[in-house]
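Colleague: The structure under discussion is supplied below as structure tokens; questions concerning it will follow.
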Amino acid sequence: MADRFFVTISARDEQQFRRLLDYDLDLFASRQADEAYAVDGLIGLDEVQRLVEDGYQVLVAESEAPKVERGRPARADEWLRLVEGELDMRRRERR
Amino acid sequence: MPPPGYLDVAGIDACVAYLVRTYPALCQTITLPEPSREGRIIRAVRLRAGSGTRNGVLLIGGTHARELINPDLLVRFAIHLCSAYTNGTGLTYGGKEWSTTDIRLVLEANDIFILPQLNPDGRAHVFAPGGDPWWRKNRSVNPGSACRGTDLNRNYDFLWPWTIGQTSSNPCSDTYAGAAAFSEPETRNVRWLMGTYDRIVGFIDVHSYSELLLYPWGDDDNQTAIPDQNFRNSAWNGLRGVLGSGYAEHITAADQDHFRDVGVRVRSAIAAVRGRTYTIQESSDLYPTSGVSADYAYARYFSVRGTKVWGWVFETNSASPGWQDGFQPPYSDALAVMDEVSSGLIQFLLTNICVVREVGSRVLDEAALDRLRLFRDQFMQRSAKGRTWAGLLDRHSEEMVRLVSNDRRMRAVVERSLKEAASLVTDDPASTTLAESAASPMFELLDLVEEQASAPLKYAARRLRKDLTSTIGRSPVKALGRLKRDERVPGSESRLKRAAPEESNSVTDDD
């Protein structure tokens with residue numbers, strides 16, 4: 001699979017924003033709350049190019065490559081001990 | 001592989017097993033009828049304390065595989081509730097304290113159904129070495145396509161064939177709606193839960209990210225003025241979600257107010273933890289969609305059966321400081337999100353408690369409670385005065401439940417008032433009249449409320465006192481004033497009618 005990038009795509013108006021939905025891209029809510037016609041996405045460079053050619057502004061933010069170290073999942077017994085331990089501590093604090 | 005700290009599929013399953021093993025009086029496993037596409041058993045857990053019928057809430061997580069926080073959040077939340085209840089304590093999340101009474105009410109007056117990982121195959125793919133950490137869909141094989149997976153949150157039977165807005169008929173798209181509505185076993189399991197436990201009246205599908213509280217509708221903007229513009233009206237097929245089509249989806253003003261009122265309370269409960277302010281909005285404000293869970297849940301009321309399910313999508317977590325962190329923050333950050341959302345969930349569960357059902361279930365039979373509910377929906381909602389009464393009850397139900405739970409005298413008076421109300425609300429409520437003696441416990445109740453309640457509830461009590469006085473000697477239907485025609489239940493001008501399933505172009509309940 002081609003590398004993908006986390007991006008923010010901005011449209012100039014609602015009409016252009018609605019047309020964006022026809023591109024079949026992986027889009028999700030925008031982190032740019034102050035921008036009315038912006039949406040985040042995870043897309044390939046070819047898609048970035050197509051969008052730019054079609055008049056969208058695309059901010060390429062970060063690669064999909066994990067930026068923090070990945071690790072093994074939590075073991076359930078350890079995780080449960082942490083949750084119960086934290087609850088005990090909060091109960092003591094409440095008293 | 002995701003960041004360390006998250007539970008994998010087996011870990012979530014182990015936590016569900018732990019809950020049932022550790023808190024057997026409070027938790028019951030529900031093995032869902034269908035395994036996932038890759039054959040994994042999917043389990044939900046039901047939380048409740050005590051016995052008796054009550055309203056239910058269904059919380060689901062893990063619909064989108066890469067949104068890792070929410071399955072952990074839901075099992076942790078369940079453990080918190082059970083532990084606090086068992087130890088007779090409250091719960092503290094940052095700056096928000098929930099009292100022992102709150103926790104008791106949440107578990108004693110609700111059936112809480114938690115389905116923490118709807119999409120275990122997707123999660124397994126996210127965790128697998130060589131898997132895709134940003135996988136969204138389930139892992140179904142799509143015949144004729146090399147691309148796998150269906151977006152489960154486009155696969156529900158709400159305007160399914162129309163692939164509105166951010167919904168796709170392309171199997172390679174991340175928002176592929178599937179081969180048919182409910183083509184996926186995972187979504188059929190949700191339908192089964194709603195169909196089997198028909199007292200479920202609240203539903204939250206917990207997603208990430210953006211700190212949003214989304215309520216219906218998702219297909220187009222909401223409007224309260226044109227009832228005929230609704231998802232069942234096939235004349236508008238193909239025009240929903242289309243800019244400039246003139247279409248907007250109908251919702252009653254009362255329902256919209258309810259969604260907003262609940263949203264404001266949940267938002268406050270979240271913000272009280274560490275100051276994050278979630279945004280409440282119609283889900284179409286994000287982008288139009290079809291086949292989404294919360295729309296399906298809410299739409300069932302209009303097409304499948306009489307219970308109204310208040311459907312929500314919560315988008316937990318901000319995206320700050322980086323995009324990847326929106327879906328999979330470092331676990332220390334995820335815990336802070338879990339705390340604030342847990343506080344919001346407690347508030348949602350408290351809001352879900354209906355004082356009429358909570359108190360009434362001890363003194364009235366199911367048929368009488370059902371008649372009261374139908375009277376609210378079929379008569380009160382059809383007049384301005386009735387909507388005001390219903391709205392006051394809705395807004396103040398949580399406070400009333402607290403007052404009643406702390407004051408035996410208040411509870412006794414509410415019980416007597418409800419018995420009198422139930423005797424008025426027969427199948428033909430136009431034929432009964434409110435006698436002065438029957439109104440007496442109601443006035444007594446208003447006296448107590450004016451002594452003990454908050455200023456807004458006292459004000460509401462004063463308004464109701466005037467209306468109650470003018471109702472004496474009249475039928476409850478007459479007291480409501482002029483009634484609008486009921487579009488949903490044709491012919492119900494004077495008698496209570498049980499809604500029957502009707503023909504529509506979406507929303508089914510075929511298990």
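Chain labels A, B, ... are given in the sequence in which chains occur in the structure tokens; within each chain residues are numbered consecutively from 1, and ligands are likewise numbered from 1 in the order shown.
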Would you write out, as a tab-separated table, a table of all residues in chain A that have an atom no more than 12 Å from an atom of range 338-357 of chain B, listing for each the closest atom pair and the distance in Å to one decimal, considering only C-alpha atoms and ordering rows by chain and rising residue number?

Modeller:
residue	atom	partner	partner_atom	distance
A:Val83	CA	B:Asp339	CA	11.7
A:Glu86	CA	B:Asp339	CA	11.8
A:Leu87	CA	B:Asp339	CA	11.8

Colleague: Would you save the residues from that selection as a short mmCIF file (atom, residue, chain, number, x, y, z; two decimals), in the first residue's frame, using N, CA and C atoms?

Modeller:
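File part_7.cif, as written:
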data_model
loop_
_atom_site.label_atom_id
_atom_site.label_comp_id
_atom_site.auth_asym_id
_atom_site.auth_seq_id
_atom_site.Cartn_x
_atom_site.Cartn_y
_atom_site.Cartn_z
N VAL A 83 -6.33 -0.56 37.43
CA VAL A 83 -7.65 0.08 37.56
C VAL A 83 -8.14 -0.02 39.00
N GLU A 86 -6.06 2.17 41.32
CA GLU A 86 -6.40 3.58 41.16
C GLU A 86 -7.72 3.90 41.87
N LEU A 87 -8.66 2.97 41.80
CA LEU A 87 -9.94 3.18 42.49
C LEU A 87 -9.74 3.22 44.00
#

Colleague: Using only C-alpha atoms, determine which residues of chain B fall within 6 Å of chain A; present them as a PyMOL selection string.

Modeller: chain B and resi 1-8+11+165-166+173-174+319

Colleague: Can I get the selection written as a tab-separated table (two decimals), in the first residue's frame, with all heavy atoms?

Modeller:
chain	number	residue	atom	x	y	z
B	1	MET	N	1.03	-2.23	15.35
B	1	MET	CA	0.98	-2.19	16.83
B	1	MET	C	0.67	-0.76	17.31
B	1	MET	O	1.31	0.18	16.87
B	1	MET	CB	2.35	-2.54	17.40
B	1	MET	CG	2.63	-4.01	17.57
B	1	MET	SD	1.95	-4.70	19.04
B	1	MET	CE	2.51	-6.36	18.85
B	2	PRO	N	-0.25	-0.63	18.20
B	2	PRO	CA	-0.54	0.69	18.77
B	2	PRO	C	0.43	1.07	19.90
B	2	PRO	O	1.28	0.26	20.26
B	2	PRO	CB	-1.95	0.52	19.32
B	2	PRO	CG	-2.21	-0.93	19.37
B	2	PRO	CD	-1.16	-1.66	18.62
B	3	PRO	N	0.29	2.26	20.45
B	3	PRO	CA	1.12	2.62	21.60
B	3	PRO	C	0.87	1.65	22.75
B	3	PRO	O	-0.22	1.07	22.84
B	3	PRO	CB	0.63	4.03	21.97
B	3	PRO	CG	-0.10	4.52	20.78
B	3	PRO	CD	-0.63	3.33	20.06
B	4	PRO	N	1.83	1.47	23.63
B	4	PRO	CA	1.65	0.52	24.73
B	4	PRO	C	0.57	0.99	25.70
B	4	PRO	O	0.30	2.18	25.82
B	4	PRO	CB	3.02	0.49	25.41
B	4	PRO	CG	3.73	1.71	24.96
B	4	PRO	CD	3.16	2.10	23.64
B	5	GLY	N	-0.03	0.03	26.38
B	5	GLY	CA	-1.00	0.35	27.42
B	5	GLY	C	-2.42	-0.07	27.09
B	5	GLY	O	-3.21	-0.36	27.99
B	6	TYR	N	-2.75	-0.11	25.79
B	6	TYR	CA	-4.12	-0.47	25.41
B	6	TYR	C	-4.33	-1.97	25.52
B	6	TYR	O	-3.40	-2.77	25.37
B	6	TYR	CB	-4.40	-0.04	23.96
B	6	TYR	CG	-4.51	1.46	23.79
B	6	TYR	CD1	-3.41	2.22	23.41
B	6	TYR	CD2	-5.71	2.11	24.05
B	6	TYR	CE1	-3.50	3.60	23.27
B	6	TYR	CE2	-5.81	3.49	23.90
B	6	TYR	CZ	-4.71	4.23	23.51
B	6	TYR	OH	-4.81	5.59	23.38
B	7	LEU	N	-5.59	-2.33	25.75
B	7	LEU	CA	-5.97	-3.74	25.79
B	7	LEU	C	-6.21	-4.24	24.37
B	7	LEU	O	-6.83	-3.55	23.57
B	7	LEU	CB	-7.26	-3.91	26.59
B	7	LEU	CG	-7.16	-3.65	28.09
B	7	LEU	CD1	-8.55	-3.43	28.69
B	7	LEU	CD2	-6.46	-4.81	28.80
B	8	ASP	N	-5.75	-5.44	24.09
B	8	ASP	CA	-6.08	-6.03	22.79
B	8	ASP	C	-7.43	-6.76	22.90
B	8	ASP	O	-8.12	-6.67	23.93
B	8	ASP	CB	-4.94	-6.93	22.29
B	8	ASP	CG	-4.68	-8.10	23.21
B	8	ASP	OD1	-5.46	-8.30	24.16
B	8	ASP	OD2	-3.69	-8.82	22.99
B	11	GLY	N	-7.72	-8.98	25.76
B	11	GLY	CA	-7.72	-8.21	27.00
B	11	GLY	C	-9.09	-7.65	27.32
B	11	GLY	O	-9.54	-7.69	28.47
B	165	GLY	N	-23.74	11.51	1.30
B	165	GLY	CA	-22.56	12.23	1.79
B	165	GLY	C	-21.36	11.34	1.97
B	165	GLY	O	-20.90	10.68	1.02
B	166	GLN	N	-20.86	11.29	3.19
B	166	GLN	CA	-19.64	10.53	3.49
B	166	GLN	C	-20.01	9.06	3.72
B	166	GLN	O	-19.83	8.50	4.81
B	166	GLN	CB	-18.94	11.16	4.71
B	166	GLN	CG	-17.65	10.53	5.14
B	166	GLN	CD	-16.53	10.65	4.12
B	166	GLN	OE1	-16.73	11.09	2.99
B	166	GLN	NE2	-15.34	10.26	4.50
B	173	SER	N	-13.52	1.80	-0.32
B	173	SER	CA	-13.61	3.03	0.48
B	173	SER	C	-13.65	2.69	1.97
B	173	SER	O	-14.19	1.66	2.37
B	173	SER	CB	-14.87	3.80	0.08
B	173	SER	OG	-15.14	4.81	1.03
B	174	ASP	N	-13.13	3.61	2.77
B	174	ASP	CA	-13.20	3.42	4.22
B	174	ASP	C	-14.60	3.64	4.77
B	174	ASP	O	-14.85	3.36	5.94
B	174	ASP	CB	-12.21	4.35	4.92
B	174	ASP	CG	-10.82	3.74	4.94
B	174	ASP	OD1	-10.62	2.78	5.69
B	174	ASP	OD2	-9.97	4.20	4.16
B	319	ALA	N	-7.71	16.19	19.02
B	319	ALA	CA	-6.63	15.70	18.16
B	319	ALA	C	-5.30	16.33	18.54
B	319	ALA	O	-4.30	16.09	17.88
B	319	ALA	CB	-6.94	16.03	16.72

Colleague: Would you please give, as a PyMOL selection string, all residues of chain A that DSSP assigns to alpha helix (DSSP H) based on the backbone?

Modeller: chain A and resi 14-20+45-53+76-94

Colleague: I'd like the neighbourhood of Val57 in chain B as number ranges by chain, where a residue qualifies if any of its atoms comes within 7 Å (using only C-alpha atoms), though same-chain residues fewer than 4 positions away should be ignored.

Modeller: B: 111-113, 200-203

Colleague: Go ahead and save the picked residues with C-alpha atoms, as an mmCIF file, in the first residue's frame.

Modeller:
data_model
loop_
_atom_site.group_PDB
_atom_site.id
_atom_site.type_symbol
_atom_site.label_atom_id
_atom_site.label_comp_id
_atom_site.auth_asym_id
_atom_site.auth_seq_id
_atom_site.Cartn_x
_atom_site.Cartn_y
_atom_site.Cartn_z
ATOM 1 C CA ASP B 111 -30.282 -1.501 32.811
ATOM 2 C CA ILE B 112 -26.866 -0.664 31.394
ATOM 3 C CA PHE B 113 -25.861 -2.720 28.374
ATOM 4 C CA ILE B 200 -33.496 0.442 25.906
ATOM 5 C CA VAL B 201 -34.223 4.153 25.576
ATOM 6 C CA GLY B 202 -30.705 5.567 25.434
ATOM 7 C CA PHE B 203 -27.918 4.660 23.024
#

Colleague: Mind checking which residues fall within 7 Å of range 247-262 of chain B, counting only C-alpha atoms, ignoring those fewer than 3 positions away in the same chain, and posting them as a list in words?

Modeller: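 Near range 247-262 of chain B, the qualifying residues are Tyr215, Trp217, Asp220, Asp221, Asn222, Gln223, Thr224, Ile226, Pro227, Gln229, Asn230, Phe231, Leu239, Arg240, Arg265, Val266 and Thr351 of chain B.
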
Colleague: Can you tell me, as a ChimeraX atom specification, what residues are no more than 8 Å from Val58 in chain A when counting only C-alpha atoms, ignoring any on the same chain fewer than 4 positions away?

Modeller: /A:7-10,48,51-52

Colleague: Chain A: which residues are strand (DSSP E) by DSSP, as an MDAnalysis selection string?

Modeller: chainID A and resid 4:10 27:28 38:44 57:63

Colleague: Expressed in Å to a single decimal, how great is the separation between CA of Val363 in chain B and CA of Tyr23 in chain B?

Modeller: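 CA of Tyr23 in chain B lies at a distance of 29.2 Å from CA of Val363 in chain B.
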
Colleague: Write out as JSON, numbers by chain which residues come within 9 Å of range 125-139 of chain B when counting only C-alpha atoms, dropping same-chain ones fewer than 2 positions away.

Modeller: {"A": [42, 64, 66, 72, 73], "B": [1, 2, 8, 9, 36, 37, 38, 63, 64, 65, 66, 67, 119, 120, 121, 122, 123, 141, 148, 149, 150, 151, 152, 153, 174, 175, 176, 184, 186, 324, 327]}

Colleague: For Leu214 in chain B, list every protein, DNA or RNA residue within 10 Å, evaluated using only C-alpha atoms, and leave out those in the same chain fewer than 3 positions away; present the list as an MDAnalysis selection string.

Modeller: chainID B and resid 204:205 211 217:218 259:260 263 279:286 294 311:315

Colleague: Can you measure CA of Ala439 in chain B to CA of Ala367 in chain B for me? One decimal in Å is fine.

Modeller: 21.9 Å
